[in-house]
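> Structure provided below as structure tokens; questions to follow.
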There are 2 protein chains.
Amino acid sequence: MTTTTDIQRLDELCVNTIRTLAMDAVQKASSGHPGTPMALAPVAYELYARSMRHNPADPGWFDRDRFVLSAGHASMLLYSILHLSGYGVSLEDIEGFRQLDSPTAGHPEYEADGTPGIEITTGPLGQGISNAVGFALAERMLAARFNRPGHEIIGHHTYAIASDGDIQEGVASEASSLAGHLGLGNLIAVYDDNKIQLAAETALAFSEDVAGRYEAYGWHVEDLGENISLERIHNAIDRAQAVEDKPSLLILRTHIGFGSPNKQDTSSAHGSPLGEEEVRATKEAYGWDPDAHFLVPAEVTERFRAAAQVGATAQAEWDQRVTAYRAEHPDLWEELSLYIDGRLPAGWDTDLPRFDPRGKPLATRKASSQVIQWAAKQVPTLVSGSADLDPSTNTPIDDGGSVSRQSYGGRNIHYGVREHAMGAIVNGLNLHGVRAFGATFFNFLDYMKPSLRLAALMGLPVIHVFTHDSIGLGEDGPTHQPIEQLATLRATPNVNVVRPADANETALAWRFALEQEDGPCALVLSRQNLRILDPDAIPSEAISRGAYVLRNAADGAQPEAILIGTGSEVEICLDAADLLEADGVSTRVVSMPCWDRFAEQSPAYRDQVLSPACRARVSVEAAATLGWERWVTEDGESVGMHGFGASAPAPQLYEKFGITAADVAETARRVIDRMGAASRG
Amino acid sequence: MTTTTDIQRLDELCVNTIRTLAMDAVQKASSGHPGTPMALAPVAYELYARSMRHNPADPGWFDRDRFVLSAGHASMLLYSILHLSGYGVSLEDIEGFRQLDSPTAGHPEYEADGTPGIEITTGPLGQGISNAVGFALAERMLAARFNRPGHEIIGHHTYAIASDGDIQEGVASEASSLAGHLGLGNLIAVYDDNKIQLAAETALAFSEDVAGRYEAYGWHVEDLGENISLERIHNAIDRAQAVEDKPSLLILRTHIGFGSPNKQDTSSAHGSPLGEEEVRATKEAYGWDPDAHFLVPAEVTERFRAAAQVGATAQAEWDQRVTAYRAEHPDLWEELSLYIDGRLPAGWDTDLPRFDPRGKPLATRKASSQVIQWAAKQVPTLVSGSADLDPSTNTPIDDGGSVSRQSYGGRNIHYGVREHAMGAIVNGLNLHGVRAFGATFFNFLDYMKPSLRLAALMGLPVIHVFTHDSIGLGEDGPTHQPIEQLATLRATPNVNVVRPADANETALAWRFALEQEDGPCALVLSRQNLRILDPDAIPSEAISRGAYVLRNAADGAQPEAILIGTGSEVEICLDAADLLEADGVSTRVVSMPCWDRFAEQSPAYRDQVLSPACRARVSVEAAATLGWERWVTEDGESVGMHGFGASAPAPQLYEKFGITAADVAETARRVIDRMGAASRG
């Protein structure tokens, strides 16, 4: 017979197993963060062994509760609990903490086929809790779209653990405000208020009333204080689950390095191993064998096996509900499976819009709007959203409706002026199967870059629409005119940066973006109108191959000059080619909508586009020229921006900064003359 | 005799002059934001004509109140009030709103010798109110350092106007939390709660209790509601001034496009001209001549002249106090004048630290710490600070004390985990004469980039210390390992990116950074220890010229290969050179601590460093290789990162990613062989 005392003893054993695994792993790695796993072990235990609905035997179960360790530095907390719960993290993996090619990296790393149970990559503070808002919103959106009376097949919670640093970061403020606005009652965050951060006591930099702030955001807040028994945590989570119209914040006053005789409640327990001596002393304080390392008592294994069984049963019940749902709503199930499998409908890309070159010039942001309407019809998982700029980014899905707390089924998310939260939430939505894209001005990429970087690192195919992509935006001036943003994204691994030259390239760009499966895509679009190119002159793989010959030299002559443009500067190249050809200079124009992809092409293809025989090359891009040497050769030149922009009508800015057809033609002539002089000389 | 009614009539005339100037300017430019200037005209009038202590005749008066238009899109509000107040903005300038080379750019632009009265560049939302925290903190710091009993020479307020967008941005949350923590009672912000933002009604994305949130931050908050007569605004500002230990937020429920019969309270009044018709109708509603454009009634001019006189008198009184202060505290005045004039003490850079090459290897972050102690002694205006990473960035000024609400005189600011606020506050501090530098990990540049960009645009010589600058940080893994950050900053105009190779280059780097007068400097430093180079082998202008020959080929031979490194990869180049020389390959090693500066050198100098005769060049940098083609020629190669990093001890990562001396030597041999084959072929 099992008594309450036995259970309490077993609970404590489980909790201390988490703690000692973390201490041992950090000590062995000589690197890492032991203090927070020690403090939060009870929370992880409570969540994984009791409160969360999850099935370690099937980490991909779609209706599982999600857990986000926003305090990613406490990664050993997650690895310990995943190991004990029966996810595919072995004791050997834990012993290999922070070692090369181990799945137990310094911070938790999500990969599509990576460590089971790691829902998302965290570490840069503030991201995880904001991603969790995306998870929770996805659940609400899917529940609204797919649940039917008597058929509740979507209904789960998202749990997050946030540290002081998470709460201090602006992105968390933005996302938390939006979570309150949207009434995401399925989100439950635990705030680890341990009064210690890396540098010193939190009080040195932080004295706000966090509870008051979150209440102001519209959250349900409970401050549990220091008395945080498993029972109190359990009951608080129960109450939070019962609050369906507000996200919950449970504030726990924990003790970093809990149980360490000399380091508890000090910042030395934050980011460094405790030391062999202190590990021993702490184990003794726990009543643990100080000589044991990486010890998992058999009763603990047994306890988690029982918990896993509860999860397996929960999923089995869900499977039954799904069977009933599929019978009743086969079409809905088919649509929902697009989210579950993360795939596009078969034949989705037929009838890609084509724009008539005889039509009036059209900004690529406006062409994009038309393509979005087409894509929204083809791809039901597509969801739009912008950081309060949709009338300018032209990104709304017409008749898609707004996502609001009254109506989660809408297809347009209003992020407010919160670019960073948008980036983080878009990551969460996409990881949950929703193909949500974001939109803002290109210059404000800077505000959300940390989230886009994490999407690239995780290999998430998120899409962001960045309009107003150069000095071409005109009067708003240099505070709004991007210069270095293209180079920034090109230097960021795994990001597809696409800057289409016209409406037809824009259609291809959207198809390309939606086709991606393993990395983000930035669609970089013009504010100003651009001439529409002949769609038949644009190969279907224009984007995926990165660059192509848009116009060959007249009469099929070998080119004497090659002009390479991207986006709005391609039409300047075409006009410059006219000037040069009129002068008798055979000129090729290359459009390079996606530099990254062009760099990955075979040398043969690259030579086909940028004929090696012609070294008189001029690149034209109204942006920083960093990196263009790669394509223009040492003989060529780059026309671009060499400083910040200015506030004036766009055509005057192109004149002022020397990015006109006449400038380009003159540059090409200068290059040709110089090469001629050199070869004569 | 002037009656109350006359005054009210005159006040209204002044307010409507601001409004009509804004409407007319936006209309003439066919671009801009009329609605908010119309709504906030009473606030601007109250501040500039009554509450603020400022002297248009001397915009540089050090103890003036500062005004920050965080809602930078409402720039015509600022231009109108500056014109009326008698700052150097002419009516012609206003008619030239948003035109090429006009001082009235789309968003307010600060330049060192730019439009008088514009304190700081704003437009990207959230920045201005955060900069204002920096202004206010600077005032508090200087008051603590320099005021003496009976000699209060520093004592002014900072005012800011913030929009919904400002309040929504995370950077504002971070900075506001810190302002509350630091009890900045000299900061008074007006929140323009107009219920409308660009896309639609604010309520679509924003429903938090802003008053409650700011109270939770520790602010004094007054919600004035809709009833916002000049008198109520005036009294609220009075009360806010009386609250000395808390920053104040005054919430005004304004009406965007105030008075416009058809556009008031709609988002169409936000970012587009009202239209000729509506401008006429609105003027009629104001009782204004609908045919008048850019009209400034004579009484209005008179009213502002009187206000200017009040300001001149205030400054004259201050001048007298300064005279007394100088007599009593000449040394303090001499020190204060460093802040006022924004200069360094004469002879400050003598005895620059030198590090003995026989010493143990030293991380550049640790060398930097020693240099900071030296610099802090030489430069009293220098103030440190970090985003909760100072034990890792090694940036504190020893014995400098912490800045806190109890003690503003400290020299170390604790920003908490708020990188973005740090960036914005550092901008404000520097504009106020305090040479405050920030510090965080290099990867978290991304979190604060928008603020650094504005510093570059303004030409502010802010310094940021970015440590843990590559995969060399090791186990923390790819979430913390910068890859694209160097390219990002190199592509950003006007930023000096300095990555020193050792302790001695680090000393020069700090001297270089402190010498800058017109642009930011990023000091990019290693976590890992690096061998100390012979200081005599490093020219004094190593940083300012960007690159130099660190080691020539043995026996003065013409180099067959040139290895170019930056930062921690320079010692890898030296080791590779040893391997190559042992193989009989004459090898030169170039250290390039500041690519930007090297690009600006004369071709002669560049050829001296990168001998054009030697095209077998290899660059070595543990970062994205974008742009290195410029220096290695088409024949050369770049050793660097071609994807994200990983979590493991640093030496293993250098092996894994092929950035070792052996790899570099092999690459150089391959390049030489290929060139040989090509010349034979």
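Following the order of the structure tokens, first chain is A, next is B, and so on, with residues numbered from 1 inside each chain and ligands from 1 in the order they appear.
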Can you check which residues of chain B have any atom within 6 Å of chain A? Use only C-alpha atoms and format it as a PyMOL selection string.
chain B and resi 98-100+105-106+165+168-171+173-174+181+199+205+207-209+212-213+216-217+388-389+391+414-418+446+450+475-477+484+488+491-493+624+626-627+629-630+643+647-648
> What residues in segment 407-559 of chain A get the DSSP label strand (DSSP E)? Please answer as a list in words.
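Here are the strand (DSSP E) residues of segment 407-559 of chain A: Asn412, Ile413, His414, Arg435, Ala436, Phe437, Gly438, Ala439, Thr440, Phe441, Ile463, His464, Val465, Phe466, Thr467, Asn496, Val497, Val498, Cys521, Ala522, Leu523, Val524, Asn529, Leu530, Tyr548, Val549, Leu550 and Arg551 of chain A.
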> Using only C-alpha atoms, which protein or nucleic acid residues come within 10 Å of segment 500-502 of chain B? Drop anything in the same chain fewer than 4 positions from it, and give the result as a VMD selection string.
chain B and resid 355 357 361 to 365 367 to 368 506 to 510 523 to 526 529 to 535 542 to 543 565 to 571 591 to 594
> Please provide the set of residues having any atom within 8 Å of segment 544-549 of chain B, restricted to only C-alpha atoms, with same-chain residues fewer than 4 positions apart removed, written as a ChimeraX atom specification.
/B:512,538-539,588-599,601,609
> Go ahead and save the residues from that selection, with C-alpha atoms, as a PDB file, in the first residue's frame.

ATOM      1  CA  PHE B 512      40.780  54.853 -31.378  1.00  0.00           C
ATOM      2  CA  ILE B 538      52.013  47.016 -34.089  1.00  0.00           C
ATOM      3  CA  PRO B 539      52.044  50.506 -35.559  1.00  0.00           C
ATOM      4  CA  ARG B 588      53.069  37.645 -45.066  1.00  0.00           C
ATOM      5  CA  VAL B 589      50.540  38.043 -42.270  1.00  0.00           C
ATOM      6  CA  VAL B 590      48.250  41.054 -42.273  1.00  0.00           C
ATOM      7  CA  SER B 591      46.146  41.998 -39.292  1.00  0.00           C
ATOM      8  CA  MET B 592      43.039  43.907 -40.315  1.00  0.00           C
ATOM      9  CA  PRO B 593      41.392  45.156 -37.142  1.00  0.00           C
ATOM     10  CA  CYS B 594      39.186  47.693 -38.915  1.00  0.00           C
ATOM     11  CA  TRP B 595      38.086  46.825 -42.420  1.00  0.00           C
ATOM     12  CA  ASP B 596      36.068  50.051 -42.782  1.00  0.00           C
ATOM     13  CA  ARG B 597      39.105  52.219 -42.171  1.00  0.00           C
ATOM     14  CA  PHE B 598      41.316  50.159 -44.442  1.00  0.00           C
ATOM     15  CA  ALA B 599      38.798  50.663 -47.240  1.00  0.00           C
ATOM     16  CA  GLN B 601      43.019  54.402 -47.071  1.00  0.00           C
ATOM     17  CA  VAL B 609      49.809  46.196 -47.043  1.00  0.00           C
TER      18      VAL B 609
END
> Return the single residue from B:Leu460, B:Thr5, B:Gly342, B:Ala622 that is closest to Gln481 of chain B, with distances computed using only C-alpha atoms.
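Of B:Leu460, B:Thr5, B:Gly342, B:Ala622, the one nearest Gln481 of chain B is B:Ala622, counting only C-alpha atoms.
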> Within 7 Å of Ile256 of chain A, counting only C-alpha atoms, which residues show up once you throw out same-chain ones fewer than 5 positions away? Write them as a PyMOL selection string, please.
chain A and resi 35-36+38-39+194+264-265+269
> Could you tell me how far atom CA of Asn235 of chain B lies from atom CA of Tyr45 of chain B, in Å and to one decimal?
14.1 Å
> Quick one: distance from atom CA of Asp469 of chain B to atom CA of Ala576 of chain B in Å, one decimal?
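For atom CA of Asp469 of chain B relative to atom CA of Ala576 of chain B, the distance reads 21.5 Å.
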> Between A:Ser80, A:Asn131, A:Asn412, A:Ser70, which residue has the minimum interatomic distance to Ile161 of chain A, considering only C-alpha atoms?
A:Ser70
> In Å to one decimal, how far is atom CA of Pro273 of chain B from atom CA of Met23 of chain B?
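Going from atom CA of Met23 of chain B over to atom CA of Pro273 of chain B covers 7.3 Å.
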> Using DSSP on the backbone coordinates, identify the residues of segment 144-202 of chain A assigned to alpha helix (DSSP H); present them as number ranges by chain.
A: 144-146, 164-168, 170-181
